[in-house]
Amino acid sequence: MSGAPQRGRRQFLGGLIAAGVLPVPSWADAGSPAYLAAGARADGTYLLCGIAADLSVLFEIPLPARGHAAAAHPTRPQAVAFARRPGTFAVVIDCATGRQQARLTCPDGRHFYGHGVFSAGGEWLFTTENDFEAGAGRIGIWDVAAGYRRRGEISSGGIGPHDIKRLPGTDILVVANGGIDTHPDTGRTKLNIPTMAPNLSYIDQGKIVEQAALPHAQHKNSIRHLAVGPGGDVAFGMQWQGEEPVEALVGRHRRGGQIALFDAPPEAVREMEGYIGSIAISPDGARVAVTSPRGNRVQIFDTGTMALSQVISLNDVCGVAPAEGGFTVTTGAGELRCLRGSGEARAKADLMWDNHLIPV
């Protein structure tokens, strides 16, 4: 009986919000963070943090295990924090109160890849997943209004979908199918390197409407992480699975065209040690930044010339996101830096930042 008054109160408040009588919660209620990032303390505590544009940490919310990336709701102060692959949970957090609102659990035979994205209106959440018995990529579909109830899934268009983004102003999804088959019974072991075939897949209304693949000579270049520019260009970072030297680790694609690879001197490519950890496009679309925690480098490319323009050495750097006038990066040593043409802003947190820095 005690639940009935509470349900009635929730329905009453929901009606007031719908009628415009009460203000709808927004990201301002969580301190107006510019970014979200997962991190860990030295004692092994895992957190989801909100970071302001001035690099101050606005909030720290506990996570049940190590996080990877997050998805920020387009209007509400709500984030979905994903477990590091192969994880089977994701946590929905009210960033204004710090409370867990829901917990997403993969169906049997699936695991998350650590990334997700909301629809433009925030009604749906889409998650990259592995159907590990079939060795096929799937996109999970979750109903936000129904408390993040799972409503179904669709094909990702390949194997090993990792990152997923939405093209600006649309609900068209772009998926980075890394091409690598894995199974939880063998941990993170890569099962199909000789036959892997990474691609970018574009999905509209549940259907694959376009795919772009690398040349066969690059088929061991796993497409992992994505950034979408203001005009719809998709930049992607790769992780090389071959033994021979790799020619390029960063590419770009626009719908209707072919994949183009950014140009860098061979020694600059070698310095990244075959591993791009994260990628971002500047707000004006003129530059692409990629990070390598293995190579301890940030590389910045010019999108006009498709050439490497700047290299910054930074120990254990991985997270990167666009910032006014440049990029913000995070490191495993707790550093935060805003890289601008006019100089750098720096901060230090008593945390080890994880792989990604997510714009809000």
# chains A, B, ... in the order shown; residues from 1 in each chain; ligands from 1

$ residues_around --residues "Pro215 in chain A" --least-positions-apart "3" --cutoff "9 Å" --atoms "only C-alpha atoms" --output "MDAnalysis selection string"
chainID A and resid 218:219 259

$ write_last_selection --atoms "N, CA and C atoms" --output "tab-separated table (two decimals), in the first residue's frame"
chain	number	residue	atom	x	y	z
A	218	GLN	N	44.92	-2.94	-45.96
A	218	GLN	CA	44.74	-2.35	-44.64
A	218	GLN	C	43.75	-3.13	-43.78
A	219	HIS	N	43.41	-4.35	-44.18
A	219	HIS	CA	42.30	-5.05	-43.52
A	219	HIS	C	42.62	-5.44	-42.08
A	259	ILE	N	36.89	6.24	-48.33
A	259	ILE	CA	37.72	6.51	-47.17
A	259	ILE	C	39.03	7.15	-47.62

$ closest_atom_pairs --of "range 205-301 of chain A" --to "range 142-155 of chain A" --cutoff "12 Å" --atoms "only C-alpha atoms" --output "JSON lines"
{"residue": "A:Gln205", "atom": "CA", "partner": "A:Ile154", "partner_atom": "CA", "distance": 10.2}
{"residue": "A:Gly206", "atom": "CA", "partner": "A:Ile154", "partner_atom": "CA", "distance": 6.5}
{"residue": "A:Lys207", "atom": "CA", "partner": "A:Ile154", "partner_atom": "CA", "distance": 8.0}
{"residue": "A:Ile208", "atom": "CA", "partner": "A:Ser155", "partner_atom": "CA", "distance": 8.2}
{"residue": "A:Val209", "atom": "CA", "partner": "A:Ser155", "partner_atom": "CA", "distance": 12.0}

$ residues_around --residues "Ala69 in chain A" --least-positions-apart "5" --cutoff "9 Å" --atoms "only C-alpha atoms" --output "PyMOL selection string"
chain A and resi 36-38+80-84+114-116+354-358

$ write_last_selection --atoms "C-alpha atoms" --output "compact mmCIF listing (two decimals), in the first residue's frame"
# COMPACT_ATOMS: atom_id res chain seq x y z
CA LEU A 36 32.19 13.28 -18.75
CA ALA A 37 35.01 10.86 -18.00
CA ALA A 38 35.49 7.62 -16.12
CA VAL A 80 25.00 6.09 -19.15
CA ALA A 81 28.38 4.78 -17.99
CA PHE A 82 29.56 1.65 -19.79
CA ALA A 83 31.78 -1.08 -18.41
CA ARG A 84 35.08 -1.79 -20.11
CA GLY A 114 31.89 0.19 -23.95
CA HIS A 115 30.12 2.77 -26.13
CA GLY A 116 26.61 4.05 -26.82
CA ASP A 354 40.30 6.18 -18.23
CA ASN A 355 40.18 5.97 -22.02
CA HIS A 356 37.64 8.59 -23.09
CA LEU A 357 36.53 12.17 -22.60
CA ILE A 358 32.91 12.61 -23.65

$ closest_residue --among "A:Arg224, A:Asp302, A:Glu267, A:Asp163" --to "Ile180 in chain A" --atoms "only C-alpha atoms"
A:Arg224

$ residues_around --residues "Val320 in chain A" --least-positions-apart "6" --cutoff "7 Å" --atoms "only C-alpha atoms" --output "PyMOL selection string"
chain A and resi 278-280+327-330+356-357

$ write_last_selection --atoms "C-alpha atoms" --output "CSV table (one decimal), in the first residue's frame"
chain,number,residue,atom,x,y,z
A,278,SER,CA,40.7,8.2,-28.8
A,279,ILE,CA,39.9,10.8,-31.5
A,280,ALA,CA,38.2,14.2,-31.7
A,327,PHE,CA,41.1,20.2,-27.7
A,328,THR,CA,41.0,18.9,-24.1
A,329,VAL,CA,43.0,15.8,-23.2
A,330,THR,CA,43.2,13.6,-20.1
A,356,HIS,CA,37.6,8.6,-23.1
A,357,LEU,CA,36.5,12.2,-22.6

$ select_by_dssp --residues "range 50-237 of chain A" --states "strand (DSSP E or B)" --output "PyMOL selection string"
chain A and resi 50-51+57-63+67-72+78-83+87+89-94+99-105+110-118+124-131+136-143+149-155+161-166+173-177+199-204+207-213+221-228+234-237

$ closest_residue --among "A:Ile164, A:Ile223, A:Ala120, A:Leu48" --to "Ile93 in chain A" --atoms "only C-alpha atoms"
A:Leu48

$ residues_around --residues "Val228 in chain A" --least-positions-apart "6" --cutoff "8 Å" --atoms "only C-alpha atoms" --output "number ranges by chain"
A: 165-168, 234-235, 280-281

$ closest_residue --among "A:Ala213, A:Gln100, A:Met272, A:Pro230" --to "Gly257 in chain A" --atoms "only C-alpha atoms"
A:Ala213

$ atom_distance --atom1 "CA of Gly304 in chain A" --atom2 "CA of Ala286 in chain A"
6.9 Å

$ residues_around --residues "range 131-133 of chain A" --least-positions-apart "3" --cutoff "8 Å" --atoms "only C-alpha atoms" --output "list in words"
Gly109, Arg110, His111, Ala136, Gly137, Arg138, Asp181, Thr182, His183 and Pro184 of chain A

$ write_last_selection --atoms "C-alpha atoms" --output "short mmCIF file (atom, residue, chain, number, x, y, z; two decimals), in the first residue's frame"
data_model
loop_
_atom_site.label_atom_id
_atom_site.label_comp_id
_atom_site.auth_asym_id
_atom_site.auth_seq_id
_atom_site.Cartn_x
_atom_site.Cartn_y
_atom_site.Cartn_z
CA GLY A 109 24.95 -14.30 -25.37
CA ARG A 110 25.80 -10.59 -25.61
CA HIS A 111 28.30 -8.19 -24.12
CA ALA A 136 28.32 -10.89 -35.18
CA GLY A 137 27.98 -7.27 -34.16
CA ARG A 138 24.67 -6.00 -32.86
CA ASP A 181 35.99 -11.50 -33.30
CA THR A 182 36.24 -12.20 -29.56
CA HIS A 183 34.53 -14.53 -27.08
CA PRO A 184 34.21 -14.11 -23.29
#

$ residues_around --residues "Arg254 in chain A" --least-positions-apart "2" --cutoff "12 Å" --atoms "only C-alpha atoms" --output "list in words"
Leu167, Val174, Leu200, Ser201, Tyr202, Glu210, Gln211, Ala212, Ala227, Val228, Gly229, Pro230, Gly231, Gly232, Asp233, Val234, Ala235, Phe236, Gly251, Arg252, Gly256, Gly257, Gln258, Ile259 and Ala260 of chain A

$ closest_residue --among "A:Pro322, A:Gly122, A:Gly334, A:Pro23" --to "Tyr35 in chain A" --atoms "only C-alpha atoms"
A:Pro322

$ atom_distance --atom1 "CA of Val311 in chain A" --atom2 "CA of Val298 in chain A"
5.7 Å

$ atom_distance --atom1 "CA of Asp350 in chain A" --atom2 "CA of Val57 in chain A"
10.3 Å

$ closest_residue --among "A:Pro265, A:His68, A:Glu243, A:Leu55" --to "Leu339 in chain A" --atoms "only C-alpha atoms"
A:Leu55

$ select_by_dssp --residues "range 33-208 of chain A" --states "helix (DSSP H, G or I)" --output "PyMOL selection string"
chain A and resi 184-186+193-195

$ closest_residue --among "A:Gly285, A:Pro359, A:Gly98, A:Gly121" --to "Thr170 in chain A" --atoms "only C-alpha atoms"
A:Gly121

$ decode --residues "range 302-334 of chain A" --atoms "N, CA, C and O atoms" --output "mmCIF file, in the first residue's frame"
data_model
loop_
_atom_site.group_PDB
_atom_site.id
_atom_site.type_symbol
_atom_site.label_atom_id
_atom_site.label_comp_id
_atom_site.auth_asym_id
_atom_site.auth_seq_id
_atom_site.Cartn_x
_atom_site.Cartn_y
_atom_site.Cartn_z
ATOM 1 N N ASP A 302 45.573 18.421 -40.000
ATOM 2 C CA ASP A 302 44.829 19.455 -40.702
ATOM 3 C C ASP A 302 43.865 18.778 -41.674
ATOM 4 O O ASP A 302 44.292 17.987 -42.522
ATOM 5 N N THR A 303 42.575 19.064 -41.565
ATOM 6 C CA THR A 303 41.609 18.389 -42.437
ATOM 7 C C THR A 303 41.636 18.926 -43.857
ATOM 8 O O THR A 303 41.145 18.272 -44.778
ATOM 9 N N GLY A 304 42.196 20.118 -44.053
ATOM 10 C CA GLY A 304 42.307 20.663 -45.404
ATOM 11 C C GLY A 304 43.402 20.006 -46.202
ATOM 12 O O GLY A 304 43.205 19.617 -47.359
ATOM 13 N N THR A 305 44.578 19.836 -45.588
ATOM 14 C CA THR A 305 45.720 19.220 -46.274
ATOM 15 C C THR A 305 45.803 17.726 -46.044
ATOM 16 O O THR A 305 46.565 17.040 -46.726
ATOM 17 N N MET A 306 45.042 17.210 -45.054
ATOM 18 C CA MET A 306 45.079 15.794 -44.661
ATOM 19 C C MET A 306 46.475 15.401 -44.163
ATOM 20 O O MET A 306 46.891 14.249 -44.270
ATOM 21 N N ALA A 307 47.205 16.365 -43.597
ATOM 22 C CA ALA A 307 48.574 16.117 -43.165
ATOM 23 C C ALA A 307 48.734 16.398 -41.676
ATOM 24 O O ALA A 307 47.992 17.194 -41.079
ATOM 25 N N LEU A 308 49.720 15.739 -41.078
ATOM 26 C CA LEU A 308 50.061 15.953 -39.680
ATOM 27 C C LEU A 308 50.610 17.366 -39.496
ATOM 28 O O LEU A 308 51.499 17.803 -40.223
ATOM 29 N N SER A 309 50.074 18.091 -38.500
ATOM 30 C CA SER A 309 50.502 19.481 -38.291
ATOM 31 C C SER A 309 51.152 19.714 -36.938
ATOM 32 O O SER A 309 51.881 20.696 -36.765
ATOM 33 N N GLN A 310 50.894 18.853 -35.943
ATOM 34 C CA GLN A 310 51.438 19.090 -34.615
ATOM 35 C C GLN A 310 51.537 17.773 -33.855
ATOM 36 O O GLN A 310 50.659 16.909 -33.973
ATOM 37 N N VAL A 311 52.597 17.615 -33.064
ATOM 38 C CA VAL A 311 52.787 16.447 -32.203
ATOM 39 C C VAL A 311 53.115 16.947 -30.800
ATOM 40 O O VAL A 311 53.970 17.815 -30.619
ATOM 41 N N ILE A 312 52.417 16.408 -29.799
ATOM 42 C CA ILE A 312 52.637 16.770 -28.402
ATOM 43 C C ILE A 312 52.945 15.504 -27.625
ATOM 44 O O ILE A 312 52.187 14.519 -27.693
ATOM 45 N N SER A 313 54.037 15.489 -26.889
ATOM 46 C CA SER A 313 54.392 14.356 -26.041
ATOM 47 C C SER A 313 53.715 14.515 -24.685
ATOM 48 O O SER A 313 53.845 15.561 -24.042
ATOM 49 N N LEU A 314 52.994 13.474 -24.252
ATOM 50 C CA LEU A 314 52.279 13.532 -22.981
ATOM 51 C C LEU A 314 52.100 12.106 -22.469
ATOM 52 O O LEU A 314 51.460 11.276 -23.126
ATOM 53 N N ASN A 315 52.647 11.814 -21.317
ATOM 54 C CA ASN A 315 52.666 10.456 -20.798
ATOM 55 C C ASN A 315 51.267 9.906 -20.530
ATOM 56 O O ASN A 315 50.453 10.561 -19.874
ATOM 57 N N ASP A 316 50.993 8.716 -21.075
ATOM 58 C CA ASP A 316 49.741 7.980 -20.845
ATOM 59 C C ASP A 316 48.507 8.800 -21.203
ATOM 60 O O ASP A 316 47.474 8.737 -20.538
ATOM 61 N N VAL A 317 48.584 9.573 -22.279
ATOM 62 C CA VAL A 317 47.438 10.365 -22.722
ATOM 63 C C VAL A 317 46.468 9.471 -23.486
ATOM 64 O O VAL A 317 46.877 8.606 -24.241
ATOM 65 N N CYS A 318 45.173 9.675 -23.264
ATOM 66 C CA CYS A 318 44.196 8.883 -24.032
ATOM 67 C C CYS A 318 42.928 9.675 -24.328
ATOM 68 O O CYS A 318 42.526 9.785 -25.469
ATOM 69 N N GLY A 319 42.252 10.221 -23.317
ATOM 70 C CA GLY A 319 41.010 10.940 -23.578
ATOM 71 C C GLY A 319 41.246 12.216 -24.362
ATOM 72 O O GLY A 319 42.200 12.948 -24.106
ATOM 73 N N VAL A 320 40.377 12.495 -25.341
ATOM 74 C CA VAL A 320 40.460 13.741 -26.095
ATOM 75 C C VAL A 320 39.066 14.140 -26.535
ATOM 76 O O VAL A 320 38.241 13.286 -26.883
ATOM 77 N N ALA A 321 38.790 15.440 -26.490
ATOM 78 C CA ALA A 321 37.482 15.966 -26.891
ATOM 79 C C ALA A 321 37.678 17.388 -27.395
ATOM 80 O O ALA A 321 38.665 18.056 -27.044
ATOM 81 N N PRO A 322 36.745 17.874 -28.217
ATOM 82 C CA PRO A 322 36.859 19.252 -28.704
ATOM 83 C C PRO A 322 36.681 20.264 -27.586
ATOM 84 O O PRO A 322 35.936 20.035 -26.630
ATOM 85 N N ALA A 323 37.386 21.380 -27.713
ATOM 86 C CA ALA A 323 37.254 22.502 -26.787
ATOM 87 C C ALA A 323 37.290 23.782 -27.604
ATOM 88 O O ALA A 323 37.748 23.779 -28.751
ATOM 89 N N GLU A 324 36.821 24.870 -27.022
ATOM 90 C CA GLU A 324 36.864 26.143 -27.713
ATOM 91 C C GLU A 324 38.309 26.486 -28.074
ATOM 92 O O GLU A 324 39.176 26.570 -27.207
ATOM 93 N N GLY A 325 38.578 26.605 -29.362
ATOM 94 C CA GLY A 325 39.920 26.936 -29.802
ATOM 95 C C GLY A 325 40.883 25.775 -29.876
ATOM 96 O O GLY A 325 42.062 25.971 -30.183
ATOM 97 N N GLY A 326 40.441 24.558 -29.595
ATOM 98 C CA GLY A 326 41.367 23.434 -29.646
ATOM 99 C C GLY A 326 40.780 22.147 -29.119
ATOM 100 O O GLY A 326 39.657 21.769 -29.475
ATOM 101 N N PHE A 327 41.527 21.485 -28.243
ATOM 102 C CA PHE A 327 41.138 20.184 -27.722
ATOM 103 C C PHE A 327 41.474 20.106 -26.236
ATOM 104 O O PHE A 327 42.415 20.746 -25.762
ATOM 105 N N THR A 328 40.713 19.287 -25.510
ATOM 106 C CA THR A 328 41.034 18.933 -24.132
ATOM 107 C C THR A 328 41.439 17.473 -24.094
ATOM 108 O O THR A 328 40.800 16.626 -24.737
ATOM 109 N N VAL A 329 42.501 17.164 -23.343
ATOM 110 C CA VAL A 329 42.980 15.789 -23.219
ATOM 111 C C VAL A 329 43.106 15.417 -21.744
ATOM 112 O O VAL A 329 43.258 16.285 -20.879
ATOM 113 N N THR A 330 43.034 14.098 -21.477
ATOM 114 C CA THR A 330 43.214 13.572 -20.126
ATOM 115 C C THR A 330 44.242 12.452 -20.167
ATOM 116 O O THR A 330 44.450 11.816 -21.206
ATOM 117 N N THR A 331 44.855 12.190 -19.007
ATOM 118 C CA THR A 331 45.883 11.155 -18.940
ATOM 119 C C THR A 331 45.626 10.206 -17.775
ATOM 120 O O THR A 331 44.873 10.518 -16.846
ATOM 121 N N GLY A 332 46.318 9.069 -17.819
ATOM 122 C CA GLY A 332 46.228 8.106 -16.732
ATOM 123 C C GLY A 332 46.892 8.577 -15.458
ATOM 124 O O GLY A 332 46.723 7.958 -14.397
ATOM 125 N N ALA A 333 47.653 9.681 -15.527
ATOM 126 C CA ALA A 333 48.278 10.257 -14.341
ATOM 127 C C ALA A 333 47.423 11.356 -13.719
ATOM 128 O O ALA A 333 47.872 12.045 -12.790
ATOM 129 N N GLY A 334 46.204 11.556 -14.227
ATOM 130 C CA GLY A 334 45.296 12.540 -13.653
ATOM 131 C C GLY A 334 45.401 13.927 -14.248
ATOM 132 O O GLY A 334 44.722 14.852 -13.796
#
